[in-house]
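Q: entry_25.cif (mmCIF, C-alpha atoms) pasted underneath:
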data_input
loop_
_atom_site.group_PDB
_atom_site.id
_atom_site.type_symbol
_atom_site.label_atom_id
_atom_site.label_comp_id
_atom_site.auth_asym_id
_atom_site.auth_seq_id
_atom_site.Cartn_x
_atom_site.Cartn_y
_atom_site.Cartn_z
ATOM 1 C CA MET A 1 2.048 2.581 -19.460
ATOM 2 C CA LYS A 2 3.233 5.610 -21.439
ATOM 3 C CA LEU A 3 1.873 4.132 -24.664
ATOM 4 C CA VAL A 4 -1.517 3.433 -23.104
ATOM 5 C CA GLY A 5 -1.540 6.955 -21.666
ATOM 6 C CA LYS A 6 -0.825 8.439 -25.092
ATOM 7 C CA LEU A 7 -3.710 6.416 -26.533
ATOM 8 C CA VAL A 8 -6.090 7.719 -23.862
ATOM 9 C CA GLY A 9 -5.042 11.285 -24.676
ATOM 10 C CA LEU A 10 -5.382 10.731 -28.424
ATOM 11 C CA PHE A 11 -8.815 9.129 -28.131
ATOM 12 C CA ARG A 12 -9.966 11.873 -25.742
ATOM 13 C CA MET A 13 -8.916 14.661 -28.106
ATOM 14 C CA THR A 14 -10.501 12.843 -31.067
ATOM 15 C CA ALA A 15 -13.737 12.826 -29.071
ATOM 16 C CA ASP A 16 -13.254 16.601 -28.513
ATOM 17 C CA LEU A 17 -13.181 16.284 -24.728
ATOM 18 C CA THR A 18 -10.985 17.987 -22.151
ATOM 19 C CA GLN A 19 -9.396 15.953 -19.365
ATOM 20 C CA ALA A 20 -11.893 17.482 -16.937
ATOM 21 C CA GLN A 21 -14.849 16.527 -19.123
ATOM 22 C CA LEU A 22 -13.643 12.948 -19.533
ATOM 23 C CA ALA A 23 -12.971 12.652 -15.803
ATOM 24 C CA ASP A 24 -16.484 13.904 -15.043
ATOM 25 C CA ARG A 25 -18.123 11.448 -17.444
ATOM 26 C CA ALA A 26 -16.013 8.555 -16.168
ATOM 27 C CA ALA A 27 -16.727 9.509 -12.530
ATOM 28 C CA VAL A 28 -13.051 9.774 -11.623
ATOM 29 C CA GLN A 29 -10.820 12.594 -10.458
ATOM 30 C CA LEU A 30 -9.174 14.930 -12.968
ATOM 31 C CA GLU A 31 -5.765 13.970 -11.545
ATOM 32 C CA THR A 32 -6.491 10.332 -12.387
ATOM 33 C CA ILE A 33 -6.964 11.058 -16.089
ATOM 34 C CA ALA A 34 -3.976 13.415 -16.148
ATOM 35 C CA SER A 35 -1.699 10.851 -14.457
ATOM 36 C CA ILE A 36 -2.780 8.083 -16.835
ATOM 37 C CA GLU A 37 -2.159 10.243 -19.899
ATOM 38 C CA GLN A 38 1.294 11.160 -18.575
ATOM 39 C CA GLY A 39 2.161 7.492 -18.047
ATOM 40 C CA ARG A 40 2.533 7.959 -14.270
ATOM 41 C CA ARG A 41 -0.385 5.718 -13.365
ATOM 42 C CA ALA A 42 -1.574 2.451 -14.832
ATOM 43 C CA LEU A 43 -4.961 2.360 -16.523
ATOM 44 C CA LEU A 44 -6.892 -0.293 -14.614
ATOM 45 C CA PRO A 45 -9.170 -2.771 -16.437
ATOM 46 C CA ASP A 46 -12.483 -1.438 -15.068
ATOM 47 C CA LEU A 47 -11.666 2.133 -16.061
ATOM 48 C CA ALA A 48 -10.332 0.986 -19.459
ATOM 49 C CA ARG A 49 -13.680 -0.629 -20.239
ATOM 50 C CA ARG A 50 -15.527 2.486 -19.111
ATOM 51 C CA LEU A 51 -13.366 4.773 -21.252
ATOM 52 C CA ASP A 52 -13.801 2.508 -24.281
ATOM 53 C CA GLN A 53 -17.556 2.935 -23.923
ATOM 54 C CA LEU A 54 -17.360 6.704 -23.412
ATOM 55 C CA LEU A 55 -14.903 7.283 -26.264
ATOM 56 C CA GLY A 56 -16.327 4.720 -28.685
ATOM 57 C CA THR A 57 -12.970 3.000 -29.086
ATOM 58 C CA LYS A 58 -14.360 -0.528 -29.490
ATOM 59 C CA GLY A 59 -12.306 -2.192 -26.790
ATOM 60 C CA ALA A 60 -8.943 -0.755 -27.868
ATOM 61 C CA LEU A 61 -7.972 0.442 -24.386
ATOM 62 C CA GLU A 62 -9.128 -2.731 -22.646
ATOM 63 C CA THR A 63 -7.109 -4.798 -25.131
ATOM 64 C CA ALA A 64 -4.036 -2.632 -24.561
ATOM 65 C CA VAL A 65 -4.309 -2.992 -20.785
ATOM 66 C CA ASP A 66 -4.812 -6.755 -21.008
ATOM 67 C CA ASN A 67 -1.594 -7.058 -22.991
ATOM 68 C CA LEU A 68 0.706 -4.831 -20.944
ATOM 69 C CA PRO A 69 4.027 -6.617 -20.313
ATOM 70 C CA GLU A 70 5.038 -7.776 -16.884
ATOM 71 C CA VAL A 71 7.469 -5.256 -15.439
ATOM 72 C CA ASP A 72 9.908 -6.108 -12.652
ATOM 73 C CA LEU A 73 11.117 -2.602 -11.891
ATOM 74 C CA ILE A 74 10.899 -1.913 -8.150
ATOM 75 C CA PRO A 75 11.134 1.916 -8.162
ATOM 76 C CA ALA A 76 8.419 2.333 -10.800
ATOM 77 C CA TRP A 77 5.937 0.052 -9.067
ATOM 78 C CA ALA A 78 6.750 1.439 -5.627
ATOM 79 C CA GLU A 79 6.262 5.017 -6.818
ATOM 80 C CA GLN A 80 2.940 4.110 -8.394
ATOM 81 C CA TYR A 81 1.838 2.345 -5.215
ATOM 82 C CA MET A 82 2.701 5.408 -3.115
ATOM 83 C CA ASP A 83 0.583 7.596 -5.406
ATOM 84 C CA LEU A 84 -2.327 5.218 -4.867
ATOM 85 C CA GLU A 85 -1.665 5.020 -1.115
ATOM 86 C CA ARG A 86 -1.914 8.817 -0.760
ATOM 87 C CA GLU A 87 -5.378 8.817 -2.319
ATOM 88 C CA ALA A 88 -6.730 5.514 -0.988
ATOM 89 C CA LEU A 89 -10.095 5.369 0.744
ATOM 90 C CA ALA A 90 -9.098 2.233 2.641
ATOM 91 C CA LEU A 91 -5.956 0.155 3.265
ATOM 92 C CA SER A 92 -5.741 -3.443 4.469
ATOM 93 C CA TRP A 93 -2.150 -4.318 5.303
ATOM 94 C CA TYR A 94 -0.487 -7.562 6.348
ATOM 95 C CA ASP A 95 3.181 -7.574 7.400
ATOM 96 C CA SER A 96 5.244 -10.437 8.726
ATOM 97 C CA HIS A 97 8.860 -9.235 8.697
ATOM 98 C CA VAL A 98 8.872 -5.674 10.019
ATOM 99 C CA ILE A 99 6.464 -3.180 11.505
ATOM 100 C CA PRO A 100 4.467 -1.560 8.658
ATOM 101 C CA GLY A 101 6.085 1.541 7.195
ATOM 102 C CA LEU A 102 3.115 3.756 8.074
ATOM 103 C CA LEU A 103 3.660 2.939 11.758
ATOM 104 C CA GLN A 104 7.463 3.183 11.969
ATOM 105 C CA THR A 105 9.399 5.726 14.001
ATOM 106 C CA GLU A 106 12.303 7.518 12.365
ATOM 107 C CA ALA A 107 14.835 5.410 14.269
ATOM 108 C CA TYR A 108 13.124 2.163 13.240
ATOM 109 C CA ALA A 109 12.852 3.229 9.589
ATOM 110 C CA LYS A 110 16.568 4.068 9.509
ATOM 111 C CA ALA A 111 17.394 0.705 11.111
ATOM 112 C CA VAL A 112 15.389 -1.080 8.397
ATOM 113 C CA PHE A 113 17.200 0.756 5.617
ATOM 114 C CA ARG A 114 20.599 0.215 7.262
ATOM 115 C CA ASN A 115 20.000 -3.514 6.970
ATOM 116 C CA ARG A 116 19.647 -3.327 3.196
ATOM 117 C CA VAL A 117 22.019 -5.454 1.127
ATOM 118 C CA PRO A 118 23.749 -4.000 -0.880
ATOM 119 C CA ALA A 119 24.100 -1.291 1.746
ATOM 120 C CA PHE A 120 22.732 2.237 1.425
ATOM 121 C CA SER A 121 25.024 5.159 2.157
ATOM 122 C CA ASP A 122 24.205 7.276 5.231
ATOM 123 C CA ASP A 123 22.654 9.920 2.946
ATOM 124 C CA GLU A 124 20.506 7.307 1.205
ATOM 125 C CA VAL A 125 19.362 5.891 4.549
ATOM 126 C CA ALA A 126 18.344 9.382 5.688
ATOM 127 C CA ALA A 127 16.535 10.146 2.416
ATOM 128 C CA GLN A 128 14.642 6.848 2.414
ATOM 129 C CA ALA A 129 13.595 7.273 6.046
ATOM 130 C CA THR A 130 12.425 10.836 5.423
ATOM 131 C CA ALA A 131 10.316 9.701 2.468
ATOM 132 C CA ARG A 132 8.778 6.946 4.596
ATOM 133 C CA LEU A 133 7.861 9.352 7.403
ATOM 134 C CA GLU A 134 6.268 11.741 4.898
ATOM 135 C CA ARG A 135 3.922 8.953 3.832
ATOM 136 C CA GLN A 136 2.567 8.814 7.396
ATOM 137 C CA GLU A 137 0.818 12.155 6.856
ATOM 138 C CA ILE A 138 -2.255 10.247 5.668
ATOM 139 C CA LEU A 139 -2.793 8.997 9.235
ATOM 140 C CA ARG A 140 -3.388 12.501 10.557
ATOM 141 C CA ARG A 141 -5.123 14.321 7.743
ATOM 142 C CA SER A 142 -8.663 15.611 8.253
ATOM 143 C CA ASN A 143 -10.171 12.747 6.226
ATOM 144 C CA PRO A 144 -7.842 9.788 6.874
ATOM 145 C CA PRO A 145 -8.358 6.479 5.065
ATOM 146 C CA THR A 146 -9.753 3.520 6.935
ATOM 147 C CA ILE A 147 -6.698 1.437 7.818
ATOM 148 C CA SER A 148 -6.679 -2.159 9.016
ATOM 149 C CA MET A 149 -3.345 -3.795 9.784
ATOM 150 C CA VAL A 150 -2.455 -7.332 10.784
ATOM 151 C CA VAL A 151 1.152 -7.802 11.903
ATOM 152 C CA TRP A 152 2.730 -11.148 12.748
ATOM 153 C CA GLU A 153 4.110 -11.102 16.284
ATOM 154 C CA ALA A 154 7.538 -12.093 14.934
ATOM 155 C CA ALA A 155 7.910 -8.534 13.586
ATOM 156 C CA LEU A 156 7.497 -7.181 17.134
ATOM 157 C CA MET A 157 10.121 -9.571 18.463
ATOM 158 C CA LEU A 158 12.735 -8.411 15.948
ATOM 159 C CA GLN A 159 14.735 -5.869 17.932
ATOM 160 C CA LEU A 160 16.555 -3.815 15.311
ATOM 161 C CA LEU A 161 17.097 -1.021 17.848
ATOM 162 C CA PRO A 162 18.609 -0.452 21.283
ATOM 163 C CA LYS A 163 16.154 -1.089 24.128
ATOM 164 C CA ARG A 164 15.132 2.567 24.584
ATOM 165 C CA GLN A 165 14.384 3.103 20.889
ATOM 166 C CA TYR A 166 12.679 -0.279 20.672
ATOM 167 C CA LEU A 167 10.309 0.747 23.462
ATOM 168 C CA GLU A 168 9.710 4.088 21.698
ATOM 169 C CA GLN A 169 8.652 2.131 18.607
ATOM 170 C CA LEU A 170 6.259 -0.017 20.646
ATOM 171 C CA ARG A 171 4.839 3.103 22.298
ATOM 172 C CA HIS A 172 4.373 4.699 18.871
ATOM 173 C CA LEU A 173 2.541 1.560 17.714
ATOM 174 C CA HIS A 174 0.222 1.861 20.696
ATOM 175 C CA THR A 175 -0.455 5.539 19.904
ATOM 176 C CA CYS A 176 -1.161 4.823 16.230
ATOM 177 C CA ALA A 177 -3.518 1.972 17.146
ATOM 178 C CA LEU A 178 -5.718 4.529 18.939
ATOM 179 C CA LEU A 179 -5.958 6.907 15.969
ATOM 180 C CA PRO A 180 -9.402 7.334 14.338
ATOM 181 C CA GLY A 181 -9.888 4.869 11.516
ATOM 182 C CA VAL A 182 -6.897 2.688 12.463
ATOM 183 C CA CYS A 183 -7.316 -0.957 13.521
ATOM 184 C CA LEU A 184 -4.177 -2.857 14.546
ATOM 185 C CA GLN A 185 -4.162 -6.607 15.234
ATOM 186 C CA ILE A 186 -1.228 -8.851 16.121
ATOM 187 C CA LEU A 187 -1.189 -12.444 14.874
ATOM 188 C CA PRO A 188 0.268 -14.602 17.696
ATOM 189 C CA LEU A 189 3.470 -16.577 17.216
ATOM 190 C CA VAL A 190 1.765 -19.555 18.858
ATOM 191 C CA SER A 191 -1.169 -19.574 16.415
ATOM 192 C CA ARG A 192 -1.742 -22.946 14.740
ATOM 193 C CA SER A 193 -3.420 -21.191 11.792
ATOM 194 C CA HIS A 194 -1.693 -18.653 9.566
ATOM 195 C CA ALA A 195 -3.219 -17.533 6.252
ATOM 196 C CA GLY A 196 -0.289 -15.276 5.395
ATOM 197 C CA LEU A 197 2.593 -17.720 5.080
ATOM 198 C CA ASP A 198 3.209 -16.641 1.474
ATOM 199 C CA GLY A 199 4.347 -13.218 2.652
ATOM 200 C CA PRO A 200 3.190 -9.631 3.218
ATOM 201 C CA PHE A 201 0.790 -7.716 0.996
ATOM 202 C CA THR A 202 -1.431 -4.638 0.957
ATOM 203 C CA LEU A 203 -4.959 -4.166 -0.382
ATOM 204 C CA LEU A 204 -6.253 -0.693 -1.164
ATOM 205 C CA GLU A 205 -9.479 0.890 -2.379
ATOM 206 C CA THR A 206 -9.078 3.813 -4.784
ATOM 207 C CA PRO A 207 -11.330 6.905 -4.846
ATOM 208 C CA GLU A 208 -13.016 5.240 -7.849
ATOM 209 C CA HIS A 209 -13.833 2.203 -5.644
ATOM 210 C CA GLN A 210 -11.451 -0.080 -7.504
ATOM 211 C CA TYR A 211 -9.494 -2.634 -5.504
ATOM 212 C CA ILE A 212 -5.759 -3.122 -6.005
ATOM 213 C CA ALA A 213 -3.183 -5.317 -4.269
ATOM 214 C CA TYR A 214 0.523 -4.654 -3.801
ATOM 215 C CA SER A 215 3.192 -7.102 -2.716
ATOM 216 C CA GLU A 216 6.966 -7.117 -2.434
ATOM 217 C CA THR A 217 9.500 -9.915 -2.612
ATOM 218 C CA GLN A 218 13.274 -10.062 -2.192
ATOM 219 C CA ARG A 219 13.909 -8.865 -5.776
ATOM 220 C CA GLY A 220 10.713 -7.334 -7.046
ATOM 221 C CA SER A 221 7.363 -5.800 -6.366
ATOM 222 C CA GLN A 222 3.999 -6.115 -8.028
ATOM 223 C CA LEU A 223 0.772 -4.186 -8.382
ATOM 224 C CA VAL A 224 -2.179 -6.499 -8.934
ATOM 225 C CA SER A 225 -5.482 -5.297 -10.378
ATOM 226 C CA ASP A 226 -6.860 -8.586 -11.741
ATOM 227 C CA PRO A 227 -10.156 -9.105 -9.842
ATOM 228 C CA ASN A 228 -9.547 -12.829 -9.345
ATOM 229 C CA GLU A 229 -6.102 -12.306 -7.807
ATOM 230 C CA VAL A 230 -7.314 -9.417 -5.653
ATOM 231 C CA SER A 231 -10.181 -11.600 -4.461
ATOM 232 C CA ILE A 232 -7.752 -14.330 -3.353
ATOM 233 C CA LEU A 233 -5.725 -11.836 -1.322
ATOM 234 C CA SER A 234 -8.919 -10.371 0.142
ATOM 235 C CA GLN A 235 -9.897 -13.844 1.323
ATOM 236 C CA LYS A 236 -6.451 -14.314 2.861
ATOM 237 C CA TYR A 237 -6.749 -10.988 4.658
ATOM 238 C CA ALA A 238 -10.199 -11.801 6.033
ATOM 239 C CA MET A 239 -8.806 -15.066 7.406
ATOM 240 C CA LEU A 240 -5.770 -13.297 8.912
ATOM 241 C CA ARG A 241 -8.042 -10.874 10.779
ATOM 242 C CA ALA A 242 -10.008 -13.782 12.190
ATOM 243 C CA GLN A 243 -6.801 -15.546 13.292
ATOM 244 C CA ALA A 244 -5.222 -12.464 14.884
ATOM 245 C CA ARG A 245 -5.721 -11.020 18.339
ATOM 246 C CA SER A 246 -8.573 -8.527 18.631
ATOM 247 C CA PRO A 247 -7.663 -4.812 18.643
ATOM 248 C CA GLU A 248 -8.233 -4.709 22.409
ATOM 249 C CA GLU A 249 -6.052 -7.792 22.996
ATOM 250 C CA THR A 250 -3.390 -6.226 20.768
ATOM 251 C CA LEU A 251 -3.308 -3.088 22.925
ATOM 252 C CA GLY A 252 -2.999 -5.316 25.985
ATOM 253 C CA LEU A 253 -0.027 -7.122 24.414
ATOM 254 C CA LEU A 254 1.686 -3.806 23.679
ATOM 255 C CA ASP A 255 1.070 -2.694 27.272
ATOM 256 C CA ARG A 256 2.707 -5.846 28.578
ATOM 257 C CA LEU A 257 5.722 -5.450 26.290
ATOM 258 C CA LEU A 258 6.044 -1.872 27.495
ATOM 259 C CA GLY A 259 5.774 -3.006 31.115
ATOM 260 C CA GLU A 260 2.653 -0.924 31.685
#
Let me see the structure of the file written as structure tokens.
A:
Amino acid sequence: MKLVGKLVGLFRMTADLTQAQLADRAAVQLETIASIEQGRRALLPDLARRLDQLLGTKGALETAVDNLPEVDLIPAWAEQYMDLEREALALSWYDSHVIPGLLQTEAYAKAVFRNRVPAFSDDEVAAQATARLERQEILRRSNPPTISMVVWEAALMLQLLPKRQYLEQLRHLHTCALLPGVCLQILPLVSRSHAGLDGPFTLLETPEHQYIAYSETQRGSQLVSDPNEVSILSQKYAMLRAQARSPEETLGLLDRLLGE
């Protein structure tokens, strides 16, 4: 990523363009070009092709992006995903194991991190939970992204907390489900159809209207920008939404669990 970023910077300066000028011509944000040149953000295939055309680099950037090595480094990918999440126009999120991080209370987030193996120290648990809660700011900003979430009912049944804190988490879920731009759906345990058996994933739309997928496994995480792979996950998500309870039925389920 750093090498590709250096190439973008070199080609831009050879073309006698500032970062702002290149961003304007490529119809992206200045921060996008700056982050790519600094190696903090991956250059995606669509933008690589566009920059090759603008800079007259004869496919050099597209070739470089196509041949980036596979990287299995969780912190790097997670940090890059969080940068994209902060700027996303839309998020489509499927979770099967735990309540999505954007909808977790502090107590729930700490319980999740306390269950990590190898174990976090108390300070690490607190730091990780704080970072997770800070991400939730996007839910309440003046121009929040459009967020659709499908959660398997098994995640609701997992009681990582004492009863009082568990009910606080359910109540928080209910509150978040009523926020503007948020759609929450629960996939029933008794459903005979389940398009998400391969595990959780997130789809996001960038400010440049590019679509990216993110998924995590036990020992790795992956950002996916290949259009064919993103399309497959988009089809899975569309099927999951059809299989899940409606938003209204989901609120009714939460009311029943809360005894209201």
Q: Pick the closest to Cys183 of chain A from A:Ala126, A:Met149, A:Leu203, A:Leu91: which is it, counting all atoms listed in the file?
A: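 Nearest candidate to Cys183 of chain A out of A:Ala126, A:Met149, A:Leu203, A:Leu91: A:Met149.
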Q: For the structure provided, state which residues fall under the PyMOL selection byres ((chain A and resi 44-55) around 7), and present them as a list in words.
A: Phe11, Arg12, Ala15, Ala26, Ala42, Leu43, Gly56, Thr57, Lys58, Gly59, Ala60, Leu61, Glu62, Val65 and Ser225 of chain A
Q: Which is closest to Val230 of chain A among A:Gln104, A:Thr32, A:Gln210, A:Gln218, if we use all atoms listed in the file?
A: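 Result for the nearest residue to Val230 of chain A: A:Gln210.
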Q: Quick one: pull the distance between atom CA of Leu223 of chain A and atom CA of Leu84 of chain A, Å, one decimal.
A: 10.5 Å
Q: For atom CA of Gln235 of chain A and atom CA of Thr202 of chain A, quote the distance in Å rounded to one decimal.
A: 12.5 Å
Q: Could you jot down the atom CA of Glu37 of chain A to atom CA of Tyr214 of chain A separation for me, Å, one decimal place?
A: 22.1 Å
Q: Give me, as a list of chain:residue names, all polymer residues having an atom no more than 12 Å from Asp83 of chain A, counting all atoms listed in the file and skipping those fewer than 3 positions away in the same chain.
A: A:Glu31, A:Thr32, A:Ser35, A:Ile36, A:Arg40, A:Arg41, A:Ala42, A:Ala76, A:Trp77, A:Ala78, A:Glu79, A:Gln80, A:Arg86, A:Glu87, A:Ala88, A:Arg135, A:Ile138, A:Leu204, A:Thr206, A:Pro207
Q: Check what the PyMOL selection byres ((chain A and resi 129) around 8) selects in the file above and give those residues as a PyMOL selection string.
A: chain A and resi 106+109-110+113+125-128+130-133
Q: With all atoms listed in the file as the counted atoms, please give the residues lying no more than 12 Å from Ser193 of chain A, apart from itself and same-chain residues fewer than 3 positions off, as a CSV table (one decimal) with C-alpha atoms, keeping the file's coordinate frame.
A:
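The new file result12.csv reads:
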chain,number,residue,atom,x,y,z
A,152,TRP,CA,2.7,-11.1,12.7
A,187,LEU,CA,-1.2,-12.4,14.9
A,188,PRO,CA,0.3,-14.6,17.7
A,189,LEU,CA,3.5,-16.6,17.2
A,190,VAL,CA,1.8,-19.6,18.9
A,196,GLY,CA,-0.3,-15.3,5.4
A,197,LEU,CA,2.6,-17.7,5.1
A,236,LYS,CA,-6.5,-14.3,2.9
A,239,MET,CA,-8.8,-15.1,7.4
A,240,LEU,CA,-5.8,-13.3,8.9
A,241,ARG,CA,-8.0,-10.9,10.8
A,242,ALA,CA,-10.0,-13.8,12.2
A,243,GLN,CA,-6.8,-15.5,13.3
A,244,ALA,CA,-5.2,-12.5,14.9
Q: Measuring between all atoms listed in the file, which one of A:Glu208, A:Gln21, A:Leu179, A:Arg256 shows the shortest distance to Ser142 of chain A?
A: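 The closest residue to Ser142 of chain A is A:Leu179.
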Q: The PyMOL selection byres ((chain A and resi 157-159) around 10) - which residues does that actually catch in the file I just gave you? List them as a ChimeraX atom specification.
A: /A:97-99,108,111,152-156,160-163,165-167,189,257
Q: So that I can see what lies close to Cys176 of chain A, please list as number ranges by chain the residues with an atom at most 12 Å from it, counting all atoms listed in the file and leaving out residues fewer than 4 positions away in the same chain.
A: A: 100, 102-105, 136, 138-140, 147-149, 169-172, 180-185, 247, 251, 254
Q: Could you check the closest approach to Val28 of chain A for each of A:Arg164, A:Arg114, A:His209, A:His174 and tell me which residue wins, using all atoms listed in the file?
A: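 The answer is A:His209, which sits nearest to Val28 of chain A.
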Q: Find the residues around Ala20 of chain A up to 7 Å (all atoms listed in the file counted), leave out those fewer than 3 positions away in its own chain, and share them as a list in words.
A: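 Non-adjacent residues within range: Ala23, Asp24 and Leu30 of chain A.
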Q: Would you mind telling me which residue in A:Glu85, A:Asp255, A:Asp16, A:Asp198 lies nearest to Tyr237 of chain A when using only C-alpha atoms?
A: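 Checking each candidate against Tyr237 of chain A, we get A:Asp198 as the closest.
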Q: So which one's closest to Pro227 of chain A, A:Ser96, A:Leu173, A:Tyr211, A:Ala107? Using all atoms listed in the file, please.
A: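 Comparing A:Ser96, A:Leu173, A:Tyr211, A:Ala107 against Pro227 of chain A, the winner is A:Tyr211.
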